[in-house]
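Heads up, the thing below is written out as structure tokens.
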Amino acid sequence: MNMSDLKHKTLEEIEKIASLQDWEELRVAVLGKKGSLTLLMKELGTKSPEERRLMGAELNVVKEAVTEALDLRKHQLEEADLDARLARETLDVSLPPRPFFKGKIHPLSSVMDQAIHIFGQMGFKVAEGPDIEEDFYNFTALNFPPEHPARQEHDTFYLPPGADQQPLVLRTHTSPVQIRTMLQEKPPIRIIAPGRTYRSDYDATHTPMFHQIEGLVVDTHTHMGHLKGCLEEFCRLFFEDPALKLRFRPGYFPFTEPSAEVDIWWKDSSWLEILGCGMVHPNVLRNCDIDPDVYQGFAFGMGIERIAMLKYGIEDLRLFFDSDIRWLNYYGFDPEARE
Amino acid sequence: MKFTVSWLKDHLEAEAPLEAILEKLNSLGLVVDKVENKAEPLAPFTICEVVEAEKHPNADRLKVCRVNTGHDVIQVVCGAPNAHKGMKAVLARPGVVIPSTQQVLKVGKVRDVESFGMMCSAQELLLGDVSEGIIEVDPTAPLGESYAKWAGLDEILIDIDITPNRGDCLGVYGIARDLAATGIGTLKPLKQSAIKGTFSCPVALMVDPDACPYFTGRVIRGVKNGPSPEWLQKKLQAIGLKSISALVDVTNYFAYDRARPLHVFDADKLTGGLTVRLSRPGETFVALDGKAYTLSEDMTVIEDDSGVISLAGVMGGQSTGCDDSTHTVFLESAFFDPIRTAITGRNLGIISDSRFRFERGVDPESTLPGLEAATQMILDLCGGEASDVVSAGSSPEGAQPIIFHPSRCESLGGMQVAPVRVVEILKALGFQVKGQGEKFEVLPPSWRFDIEHEADLVEEVLRVEGYDKIASLSYGVRPEGKPLLPLQERRFIVRDKLAGRGLIETVTWSFMAKKEAEFFGKVPESLVLMNPISQDLEVMRPSLLPNLLKAVLFNQNRGIDSIGLFEVGPQYSAATSDGQYMMATGVRAGTFPIFPGNWCEKKRPVDIYDVKADVCAIILGGTWEPIAPSWYHPGRSATLKLGPQVLGYFGELHPRILKAFDVKGPVVSFEVFLDRLPLPKKKTTTKPKLILSPYQAVERDFAFVVDQDVPANTLLIAVTKADPTLVVGVTLFDVFEMGDGKKSLGIRASLQSKDRTLTDEEIQAVSQKIISSVTQATGGVLR
């Protein structure tokens with residue numbers, strides 16, 4: 001057999017190999033210790049130098065070609081083998097994942113958080129006061145005249161009087177935090193006060209406990225234009241509608257003058273009242289030892305449930321407090337990592 | 001406050017369309033609650049005449065009527081006892097919607113006799129409560145015409161909310177005055193009457209000025225009481241008031257027209273003169289509503305020789321009320337103190353139009369003009385002659401003038417208004433204005449009790465101009481920094497962490513039933529509400545757990561067996577500011593994980609290590625003590641402390657608690673006092689440098705047999721302490737109960753040096769140290 005035949009025959013055989021096992025057998029048969037090519041190489045030693053040089057060069061070419069073909073074939077076989085294995089190794093990806101924790105944040109907490117964030121960007125800081133409040137902070141200091149019908153409108157819960165015989169109430173609004181803040185801090189003041197509030201009323205549109213967020217600004221120059229701007233900015237950001245229309249109309253609160261009620265134009269169909277506000281009443285400033293001839297500012301208060309219901313289309317107020325897991329899962333929010 | 005557009009136009013000359021009037025009312029702060037036209041749903045109901053009424057052949061109580069509709073004669077079966085031949089009635093034809101039932105009327109057969117319509121009762125048309133028969137229409141009413149139109153019901157009724165400071169707008173005239181100030185119409189002047197008495201008042205008057213600052217009255221004799229004229233009846237009925245009799249209707253008219261309550265006594269029923277004084281405790285009085293009231297002291301009453309006959313400003317008495325036989329009346333017009341009236345009405349639980357007005361403030365200057373105007377109307381409607389006026393006291397002193405800088409409209413109200421316009425507005429509202437330019441002296445009108453400061457005047461100007469003219473301004477300067485203090489922000493962080501552990505946040509009442517609260521500690525009397533909305537919401541909660549357990553029950557009853565809930569909120573130990581604690585409290589009940597079953601992970605009952613992990617997610621650190629409050633299982637609960645301070649608890653709930661709340665176990669819970677946790681470290685604080693050893697760590701496993709009651713933690717500490725430099729980690733990988741009071745604890749210790757590879761000998765030596773340290777600390781032996 002001459003070199004050329006050997007090469008062709010071997011390359012043909014390599015082409016035909018169907019498995020890695022066959023491949024190994026052929027490799028041994030050609031390049032192994034007793035392989036056909038190896039034996040030819042060994043024979044070279046018996047040849048004359050001239051023959052050795054010629055045959056050697058030819059043999060090397062053959063060996064190189066065979067080796068290359070073997071390597072290629074091996075790679076092809078391995079690939080095919082892997083493909084075959086992968087084709088067998090399938091998993092049902094439609095199976096549910098391993099369980100992962102999936103709790104929920106109550107919509108009231110989320111709305112409170114959103115409101116704090118929006119007002120926070122306008123420079124407001126959060127202030128707080130107790131739920132069990134002295135009549136003084138809840139009413140008297142806020143310019144509610146005793147026996148005035150405005151006081152009766154609050155449906156107040158009472159607790160037994162404290163040690164100093166001061167009547168104690170469950171705060172009917174977050175406004176007493178205004179008083180606590182103004183008695184502790186000097187203007188300029190810019191605070192919000194979110195929290196629980198209580199009134200003795202329980203029907204489809206009232207719950208004996210609810211949440212409010214209060215706002216208070218006191219400085220030397222803030223006027224109703226700022227109040228309007230501030231609440232417009234809040235409502236537009238909160239309801240995620242930069243074109244949201246607001247309507248301010250006169251209202252009455254003993255602790256603000258002028259007072260206003262604010263409506264938003266909702267779903268292109270009607271005005272909905274969402275909050276009350278006004279300029280801090282001079283008597284309230286005076287009650288907090290702040291000179292009303294020097295300082296002025298605004299205050300507002302809104303119901304967290306109210307704005308949550310509007311934003312998320314929640315229809316029944318009472319369900320906020322029912323602890324129904326199905327409801328909480330539906331209206332609740334996924335937790336977020338906080339900075 | 002309800003009024004009709006036509007009533008408004010008695011006082012306001014205005015061409016403006018309804019929409020414009022409504023818009024102005026809203027922008028004035030007189031909020032339009034409702035606008036309705038009763039005639040609209042009643043339009044198809046027409047006036048008919050019963051030409052024949054025969055007994056129904058198959059029913060004694062029914063009649064078969066032939067009814068003239070004005071166009072034809074139809075057959076109608078009617079069950080009303082008052083249906084009779086010749087009467088005029090209100091007819092509904094098939095296809096019409098009956099207001100009371102909202103049902104469409106159909107041609108029907110009543111006991112085999114066909115009926116092609118229905119004659120209606122007042123109740124069916126929602127015009128009254130009487131359903132005892134059909135409406136009997138005046139015989140002169142035109143056949144075939146719309147009943148509502150004929151009856152004057154074709155009126156637009158406006159209902160507005162009046163804020164407590166605007167007593168003056170509890171009369172139509174006051175509303176008209178506000179509207180006129182905006183320029184939408186012109187206020188018509190009131191007719192002033194001053195009737196000269198033809199005889200001196202025969203009723204003597206004694207008034208205690210403390211009880212009543214200003215009281216006027218007079219006798220009108222020879223009156224003929226009876227139904228008031230149609231125009232007055234319709235006016236009152238249109239706003240939902242019942243017409244009673246001419247005399248009473250006159251007083252109601254002035255209450256709603258001028259916000260001026262009046263009272264009429266039947267003077268023939270009076271014995272002796274009238275005394276206005278403060279009540280004495282225990283006095284009794286039967287009011288016009290037929291109820292007897294026992295008075296406390298300091299209520300203003302009017303008495304004659306028979307005793308108390310009127311609760312002044314609140315309600316008149318039954319014994320001296322007017323009826324059709326009344327011939328002589330004593331007409332009262334007075335100013336009663338707002339606060340006293342409010343207290344009286346509230347203490348006795350009497351709600352009346354009079355009280356509502358007096359407690360919000362009635363114009364004292366309307367006392368005499370009101371008396372005169374009402375006298376005139378009584379004379380006009382009932383005839384008779386009036387006596388001289390008797391009076392005592394005078395109008396209380398009005399408000400003081402206010403120095404007003406019109407520039408405040410801009411500096412406080414954010415609206416630039418020309419001083420001349422300011423004057424114009426204030427004058428239109430009845431204020432007297434002196435001065436000009438920069439500074440005015442403004443005297444509020446006698447009917448405004450709510451004007452004391454410049455700010456009040458700014459509001460008056462702004463609301464007439466319209467708040468929509470205030471331009472919005474955005475804050476340019478915004479103080480930087482986070483809105484929440486670390487302590488406040490922690491509540492939100494904790495919510496996210498607990499929700500991240502699969503718990504669902506809930507929000508529950510701050511109050512609860514005393515019985516349930518007391519499983520969690522005694523509730524002091526100071527935390528029991530004096531006026532709870534119900535027994536279930538009676539005490540301020542000493543713990544969040546009762547509400548969470550009720551939430552567990554609520555959800556278990558809905559078939560959910562895997563429950564994890566938490567709440568971040570206050571609990572209360574005393575009625576003081578430092579008696580309120582911010583808590584993060586959670587419960588886990590039933591099975592874990594909290595999923596509806598999963599193919600690759602088995603459910604298992606929740607246990608205390610789940611809630612221990614919840615606590616550790618909130619706070620790592622502190623020391624655990626194996627004791628806890630009484631609501632926990634004594635052997636399966638712990639307290640987390642930092643020094644002497646209790647940070648929280650966790651454990652299995654006591655079986656007694658589960659039984660009391662009727663929940664299915666197991667239930668485990670945790671409570672963390674959020675405000676007691678140490679504040680998180682500042683993020684800028686540098687940590688000690690991390691040195692990673694380049695030398696491989698070696699791990700060695702040990703199993704120790706210890707007594708059952710040895711805390712695993714004691715053993716873990718002993719392992720670490722055996723060689724603090726070389727033992728760099730220890731994990732507990734197995735706990736095995738062996739019985740006989742013994743357990744086996746499997747631990748893996750990581751041994752590593754920072755500067756060399758440990759030799760076998762060194763490893764051997766550390767292992768020995770670990771074994772002897774454990775033996776010394778726990779008595780445990782290597783298994």
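All residue names refer to the structure tokens as shown: chains lettered A, B, ... in order, residues numbered from 1 in each chain, ligands numbered from 1 in order.
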Quick one: everything within 9 Å of Ile560 in chain B, counting only C-alpha atoms, minus sequence neighbours fewer than 3 positions away in the same chain. Send it as a VMD selection string.
-> (chain A and resid 325) or (chain B and resid 552 555 to 557 563 590 596)
Preceding selection exported with N, CA and C atoms as a JSON list (two decimals), in the first residue's frame:
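What ended up in selection_39.json:
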```
[["chain", "number", "residue", "atom", "x", "y", "z"],
["A", 325, "ILE", "N", -57.17, 38.18, 54.92],
["A", 325, "ILE", "CA", -55.92, 37.92, 54.19],
["A", 325, "ILE", "C", -56.13, 38.04, 52.68],
["B", 552, "VAL", "N", -56.66, 35.95, 63.17],
["B", 552, "VAL", "CA", -56.35, 34.54, 62.85],
["B", 552, "VAL", "C", -57.66, 33.76, 62.76],
["B", 555, "ASN", "N", -59.68, 34.49, 59.65],
["B", 555, "ASN", "CA", -59.16, 33.85, 58.44],
["B", 555, "ASN", "C", -59.26, 32.33, 58.50],
["B", 556, "GLN", "N", -59.08, 31.76, 59.71],
["B", 556, "GLN", "CA", -59.28, 30.31, 59.85],
["B", 556, "GLN", "C", -60.71, 29.95, 59.48],
["B", 557, "ASN", "N", -61.65, 30.81, 59.88],
["B", 557, "ASN", "CA", -63.06, 30.54, 59.54],
["B", 557, "ASN", "C", -63.32, 30.62, 58.05],
["B", 563, "ILE", "N", -51.26, 30.90, 58.29],
["B", 563, "ILE", "CA", -51.48, 32.33, 58.51],
["B", 563, "ILE", "C", -50.25, 32.99, 59.13],
["B", 590, "GLY", "N", -50.85, 27.69, 62.28],
["B", 590, "GLY", "CA", -51.06, 26.59, 61.34],
["B", 590, "GLY", "C", -49.75, 26.09, 60.78],
["B", 596, "PRO", "N", -49.97, 27.88, 49.71],
["B", 596, "PRO", "CA", -51.03, 26.87, 49.63],
["B", 596, "PRO", "C", -50.46, 25.52, 49.23]]
```
Any idea what's packed within 10 Å of Leu473 in chain B, counting only C-alpha atoms, ignoring anything in its chain fewer than 5 positions away? Could you give it as a ChimeraX atom specification?
-> /A:222-230,232-233 /B:414
Generate the output file for the selected residues, N, CA and C atoms, as a CSV table (one decimal), in the first residue's frame.
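To be explicit, this is the file written out as selection-v8.csv:
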```
chain,number,residue,atom,x,y,z
A,222,THR,N,-45.3,83.0,54.4
A,222,THR,CA,-46.1,82.0,53.7
A,222,THR,C,-47.6,82.4,53.6
A,223,HIS,N,-48.2,82.4,52.5
A,223,HIS,CA,-49.6,82.8,52.4
A,223,HIS,C,-50.4,81.8,51.6
A,224,MET,N,-51.7,82.1,51.3
A,224,MET,CA,-52.6,81.1,50.7
A,224,MET,C,-52.1,80.6,49.3
A,225,GLY,N,-51.4,81.5,48.6
A,225,GLY,CA,-50.8,81.0,47.4
A,225,GLY,C,-49.9,79.9,47.5
A,226,HIS,N,-49.1,79.9,48.6
A,226,HIS,CA,-48.1,78.8,48.9
A,226,HIS,C,-48.9,77.6,49.3
A,227,LEU,N,-50.0,77.8,50.1
A,227,LEU,CA,-50.8,76.6,50.5
A,227,LEU,C,-51.4,75.9,49.2
A,228,LYS,N,-51.9,76.7,48.3
A,228,LYS,CA,-52.4,76.2,47.1
A,228,LYS,C,-51.4,75.4,46.3
A,229,GLY,N,-50.2,76.1,46.2
A,229,GLY,CA,-49.1,75.5,45.4
A,229,GLY,C,-48.7,74.1,46.0
A,230,CYS,N,-48.6,74.2,47.3
A,230,CYS,CA,-48.1,73.0,48.0
A,230,CYS,C,-49.1,71.8,47.9
A,232,GLU,N,-51.4,71.5,45.6
A,232,GLU,CA,-51.5,71.1,44.2
A,232,GLU,C,-50.3,70.1,43.8
A,233,GLU,N,-49.1,70.5,44.3
A,233,GLU,CA,-48.0,69.6,44.0
A,233,GLU,C,-48.2,68.3,44.6
B,414,GLY,N,-52.9,85.9,49.6
B,414,GLY,CA,-52.3,85.6,48.3
B,414,GLY,C,-53.1,86.1,47.2
```
At what distance in Å, to one decimal, does CA of Leu443 in chain B lie from CA of Phe404 in chain B?
-> 10.1 Å
Based on DSSP run over this structure's backbone, return all residues of range 201-331 of chain A in alpha helix (DSSP H), as a PyMOL selection string.
-> chain A and resi 224-238+282-287+304-312+325-331
Closest of B:Trp7, B:Trp509, B:Trp447, B:Phe116 to chain A - atom-to-atom distances counting only C-alpha atoms |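 Nearest candidate to chain A out of B:Trp7, B:Trp509, B:Trp447, B:Phe116: B:Trp509.
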Using only C-alpha atoms, select each residue of chain B with any atom at most 7 Å away from an atom of chain A, and give the selection as a ChimeraX atom specification.
-> /B:26-29,163-164,339,342-343,411-414,455-456,458-459,463,467-468,470-475,478-480,482-484,493,495-496,499-509,526-533,551,555,575,577,598,600
Put those residues in a file: C-alpha atoms, as a compact mmCIF listing (two decimals), in the first residue's frame.
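Contents of the output file out.txt:
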```
# COMPACT_ATOMS: atom_id res chain seq x y z
CA ASN B 26 -70.00 76.84 46.48
CA SER B 27 -67.39 79.51 45.99
CA LEU B 28 -68.88 81.52 48.87
CA GLY B 29 -68.45 78.54 51.18
CA THR B 163 -70.74 75.68 58.69
CA PRO B 164 -71.19 76.32 62.43
CA ILE B 339 -73.76 78.55 74.79
CA ALA B 342 -76.36 74.59 73.20
CA ILE B 343 -75.87 73.06 76.65
CA SER B 411 -49.79 89.14 52.21
CA LEU B 412 -52.02 86.57 53.98
CA GLY B 413 -54.55 85.59 51.34
CA GLY B 414 -52.26 85.57 48.33
CA ALA B 455 -57.74 87.21 58.99
CA ASP B 456 -61.53 86.94 59.22
CA VAL B 458 -59.39 88.60 54.51
CA GLU B 459 -61.54 85.49 54.25
CA ARG B 463 -64.58 84.20 49.38
CA TYR B 467 -60.61 81.36 46.02
CA ASP B 468 -59.95 80.34 42.42
CA ILE B 470 -55.57 82.96 44.34
CA ALA B 471 -52.47 82.17 42.28
CA SER B 472 -50.51 79.05 43.27
CA LEU B 473 -46.93 79.49 44.36
CA SER B 474 -44.39 76.74 44.65
CA TYR B 475 -41.80 76.70 47.40
CA ARG B 478 -36.84 73.34 50.39
CA PRO B 479 -34.98 72.34 53.55
CA GLU B 480 -32.95 69.22 52.89
CA LYS B 482 -34.89 62.99 55.40
CA PRO B 483 -38.47 63.59 56.53
CA LEU B 484 -38.28 60.73 59.05
CA ILE B 493 -38.06 49.40 57.71
CA ARG B 495 -42.65 46.54 58.00
CA ASP B 496 -40.56 45.80 54.94
CA ALA B 499 -43.26 41.43 54.94
CA GLY B 500 -40.02 40.23 53.40
CA ARG B 501 -40.30 37.23 55.75
CA GLY B 502 -43.69 36.35 54.34
CA LEU B 503 -45.87 38.05 56.94
CA ILE B 504 -48.86 40.14 55.89
CA GLU B 505 -49.37 43.51 57.52
CA THR B 506 -52.73 44.34 59.03
CA VAL B 507 -54.11 47.41 60.79
CA THR B 508 -56.52 46.89 63.69
CA TRP B 509 -58.42 49.06 66.19
CA SER B 526 -57.67 55.20 83.14
CA LEU B 527 -57.65 53.31 79.84
CA VAL B 528 -61.35 52.43 79.81
CA LEU B 529 -63.27 54.71 77.44
CA MET B 530 -66.07 56.64 79.12
CA ASN B 531 -68.21 56.55 75.97
CA PRO B 532 -67.13 53.50 73.93
CA ILE B 533 -68.93 52.87 70.67
CA ALA B 551 -57.71 38.12 62.79
CA ASN B 555 -59.16 33.85 58.44
CA ALA B 575 -53.10 57.42 79.70
CA SER B 577 -47.62 60.19 76.52
CA ASN B 598 -45.80 23.38 47.28
CA CYS B 600 -41.04 20.57 46.45
```
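Distances to Glu516 in chain B were evaluated for B:Lys550, B:Lys721, B:Lys88, B:Arg491 using only C-alpha atoms, and the minimum falls at B:Lys550.
Across the structure, CA of Ile619 in chain B and CA of Leu679 in chain B are spaced 10.4 Å apart.
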Distance query Thr326 in chain B at most 8 Å, only C-alpha atoms, self and fewer than 4 positions along chain excluded, as a ChimeraX atom specification | /B:223-225,266,268,322
Shortest interatomic distance to Trp265 in chain A - which of A:Arg286, A:Arg236, A:His75, A:His154, counting only C-alpha atoms |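 That would be A:Arg236, the residue with the smallest distance to Trp265 in chain A.
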How far is it from CA of Lys2 in chain B to CA of Ile21 in chain B, in Å with one decimal?
-> 14.6 Å
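Around Ser306 in chain B, within 12 Å and counting only C-alpha atoms, the residues found are Lys269, Leu270, Thr271, Gly272, Gly273, Leu274, Thr275, Thr284, Phe285, Ile302, Glu303, Asp304, Val308, Ile309, Ser310, Gly317, Ser319 and Thr320 of chain B, once anything fewer than 2 positions away on its own chain is removed.
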Create the file for the chosen residues now, containing N, CA and C atoms and written as a compact mmCIF listing (two decimals), in the first residue's frame.
```
# COMPACT_ATOMS: atom_id res chain seq x y z
N LYS B 269 -104.30 80.53 77.58
CA LYS B 269 -103.90 79.40 78.45
C LYS B 269 -102.87 79.82 79.49
N LEU B 270 -102.42 81.10 79.40
CA LEU B 270 -101.44 81.56 80.39
C LEU B 270 -102.15 81.92 81.68
N THR B 271 -101.49 81.60 82.77
CA THR B 271 -102.03 82.05 84.06
C THR B 271 -101.03 83.02 84.66
N GLY B 272 -101.44 84.28 84.71
CA GLY B 272 -100.55 85.30 85.26
C GLY B 272 -99.51 85.73 84.25
N GLY B 273 -98.55 86.50 84.73
CA GLY B 273 -97.52 87.04 83.86
C GLY B 273 -96.45 86.03 83.52
N LEU B 274 -95.48 86.47 82.68
CA LEU B 274 -94.38 85.60 82.27
C LEU B 274 -93.10 85.99 82.99
N THR B 275 -92.39 84.98 83.43
CA THR B 275 -91.08 85.23 84.04
C THR B 275 -90.04 84.44 83.26
N THR B 284 -89.65 70.05 86.16
CA THR B 284 -90.07 69.26 85.00
C THR B 284 -90.91 70.11 84.08
N PHE B 285 -91.00 69.63 82.85
CA PHE B 285 -91.61 70.44 81.81
C PHE B 285 -92.04 69.50 80.68
N ILE B 302 -89.14 79.81 80.63
CA ILE B 302 -90.17 80.83 80.77
C ILE B 302 -91.29 80.19 81.59
N GLU B 303 -91.73 80.90 82.61
CA GLU B 303 -92.79 80.32 83.44
C GLU B 303 -93.93 81.31 83.61
N ASP B 304 -95.10 80.71 83.86
CA ASP B 304 -96.21 81.55 84.33
C ASP B 304 -96.60 81.01 85.70
N VAL B 308 -93.19 76.02 84.65
CA VAL B 308 -92.40 76.22 83.43
C VAL B 308 -93.27 75.91 82.22
N ILE B 309 -93.33 76.87 81.28
CA ILE B 309 -94.15 76.65 80.09
C ILE B 309 -93.35 76.68 78.79
N SER B 310 -92.06 77.00 78.92
CA SER B 310 -91.26 76.99 77.69
C SER B 310 -89.79 76.84 78.04
N GLY B 317 -93.84 74.82 75.26
CA GLY B 317 -94.49 73.81 76.08
C GLY B 317 -95.85 73.40 75.53
N SER B 319 -98.60 72.84 77.24
CA SER B 319 -99.78 73.40 77.91
C SER B 319 -100.24 74.73 77.31
N THR B 320 -99.31 75.45 76.66
CA THR B 320 -99.68 76.78 76.15
C THR B 320 -99.56 76.85 74.63
```
Using DSSP on the backbone coordinates, identify all residues within range 102-225 of chain A classified as strand (DSSP E); present the result as a tab-separated table (two decimals) with N, CA and C atoms, in the first residue's frame.
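Output contents, as saved in selection.tsv:
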```tsv
chain	number	residue	atom	x	y	z
A	125	LYS	N	-40.78	67.76	57.62
A	125	LYS	CA	-40.28	66.72	58.52
A	125	LYS	C	-41.46	66.14	59.31
A	126	VAL	N	-41.34	64.89	59.71
A	126	VAL	CA	-42.44	64.25	60.42
A	126	VAL	C	-42.41	64.58	61.92
A	132	ILE	N	-53.71	59.36	72.93
A	132	ILE	CA	-54.50	59.82	74.09
A	132	ILE	C	-54.03	61.25	74.37
A	133	GLU	N	-54.95	62.19	74.18
A	133	GLU	CA	-54.54	63.59	74.12
A	133	GLU	C	-55.32	64.40	75.15
A	134	GLU	N	-54.71	65.45	75.63
A	134	GLU	CA	-55.43	66.33	76.53
A	134	GLU	C	-56.39	67.20	75.72
A	158	TYR	N	-64.02	59.92	75.12
A	158	TYR	CA	-63.40	60.44	76.34
A	158	TYR	C	-62.83	59.33	77.20
A	159	LEU	N	-61.72	59.66	77.88
A	159	LEU	CA	-61.14	58.79	78.89
A	159	LEU	C	-61.28	59.50	80.23
A	168	LEU	N	-59.36	64.00	79.20
A	168	LEU	CA	-58.54	63.29	78.23
A	168	LEU	C	-59.43	62.75	77.13
A	169	VAL	N	-58.96	62.86	75.91
A	169	VAL	CA	-59.73	62.38	74.77
A	169	VAL	C	-58.83	61.52	73.89
A	170	LEU	N	-59.46	60.71	73.04
A	170	LEU	CA	-58.69	60.13	71.95
A	170	LEU	C	-58.68	61.20	70.88
A	189	ILE	N	-41.21	76.68	60.79
A	189	ILE	CA	-41.66	75.31	61.04
A	189	ILE	C	-42.23	74.77	59.73
A	190	ARG	N	-41.90	73.53	59.42
A	190	ARG	CA	-42.49	72.90	58.24
A	190	ARG	C	-42.61	71.40	58.55
A	191	ILE	N	-43.75	71.00	59.06
A	191	ILE	CA	-43.90	69.61	59.50
A	191	ILE	C	-45.15	68.94	58.91
A	192	ILE	N	-45.09	67.63	58.87
A	192	ILE	CA	-46.30	66.83	58.64
A	192	ILE	C	-46.44	65.89	59.83
A	193	ALA	N	-47.68	65.50	60.12
A	193	ALA	CA	-47.93	64.61	61.25
A	193	ALA	C	-48.94	63.54	60.85
A	194	PRO	N	-48.46	62.37	60.43
A	194	PRO	CA	-49.39	61.30	60.10
A	194	PRO	C	-49.73	60.51	61.37
A	195	GLY	N	-50.92	59.93	61.43
A	195	GLY	CA	-51.21	59.10	62.60
A	195	GLY	C	-52.66	58.68	62.73
A	196	ARG	N	-52.88	57.91	63.81
A	196	ARG	CA	-54.22	57.39	64.11
A	196	ARG	C	-55.07	58.49	64.71
A	197	THR	N	-56.35	58.52	64.35
A	197	THR	CA	-57.31	59.46	64.92
A	197	THR	C	-58.61	58.71	65.18
A	198	TYR	N	-59.46	59.28	66.03
A	198	TYR	CA	-60.62	58.53	66.52
A	198	TYR	C	-61.87	59.41	66.61
A	209	MET	N	-61.90	54.40	64.20
A	209	MET	CA	-60.49	54.77	64.12
A	209	MET	C	-60.17	54.99	62.64
A	210	PHE	N	-59.40	56.00	62.37
A	210	PHE	CA	-58.98	56.25	60.99
A	210	PHE	C	-57.64	56.97	61.05
A	211	HIS	N	-57.09	57.32	59.91
A	211	HIS	CA	-55.77	57.95	59.89
A	211	HIS	C	-55.83	59.30	59.17
A	212	GLN	N	-55.04	60.21	59.67
A	212	GLN	CA	-54.94	61.51	59.01
A	212	GLN	C	-53.48	61.86	58.82
A	213	ILE	N	-53.26	62.79	57.91
A	213	ILE	CA	-51.93	63.40	57.84
A	213	ILE	C	-52.13	64.90	57.90
A	214	GLU	N	-51.41	65.51	58.83
A	214	GLU	CA	-51.54	66.93	59.11
A	214	GLU	C	-50.33	67.62	58.51
A	215	GLY	N	-50.51	68.86	58.13
A	215	GLY	CA	-49.36	69.64	57.67
A	215	GLY	C	-49.37	71.00	58.35
A	216	LEU	N	-48.20	71.54	58.63
A	216	LEU	CA	-48.12	72.86	59.26
A	216	LEU	C	-46.87	73.59	58.77
A	217	VAL	N	-47.07	74.82	58.33
A	217	VAL	CA	-45.94	75.67	57.96
A	217	VAL	C	-46.11	76.98	58.71
A	218	VAL	N	-45.09	77.42	59.40
A	218	VAL	CA	-45.12	78.74	60.03
A	218	VAL	C	-43.82	79.46	59.71
A	219	ASP	N	-43.96	80.62	59.13
A	219	ASP	CA	-42.79	81.48	58.93
A	219	ASP	C	-43.30	82.92	58.81
```
Name the residues in contact with Val64 in chain B at a cut-off of 9 Å, using only C-alpha atoms, excluding same-chain residues fewer than 2 positions from it; report them as JSON, numbers by chain.
-> {"B": [52, 53, 54, 55, 56, 57, 62, 66, 75, 76, 77, 78, 79, 113, 115]}
Nearby residues (only C-alpha atoms) at most 8 Å from Glu136 in chain B, same-chain spacing under 5 positions excluded, as number ranges by chain = B: 87-90
Using C-alpha atoms, can you export the residues from the last selection as a short mmCIF file (atom, residue, chain, number, x, y, z; two decimals), in the first residue's frame?
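Dumped to part_33.cif:
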```
data_model
loop_
_atom_site.label_atom_id
_atom_site.label_comp_id
_atom_site.auth_asym_id
_atom_site.auth_seq_id
_atom_site.Cartn_x
_atom_site.Cartn_y
_atom_site.Cartn_z
CA MET B 87 -113.63 63.57 44.63
CA LYS B 88 -110.58 64.75 42.79
CA ALA B 89 -107.46 62.61 43.09
CA VAL B 90 -103.96 62.03 41.69
#
```
If you count only C-alpha atoms, which residues fall within 10 Å of range 382-396 of chain B, apart from same-chain ones fewer than 3 positions away, as a PyMOL selection string?
-> chain B and resi 195-209+212-228+246-247+276+327-335+337+363-368+371-372+375-379+399+446
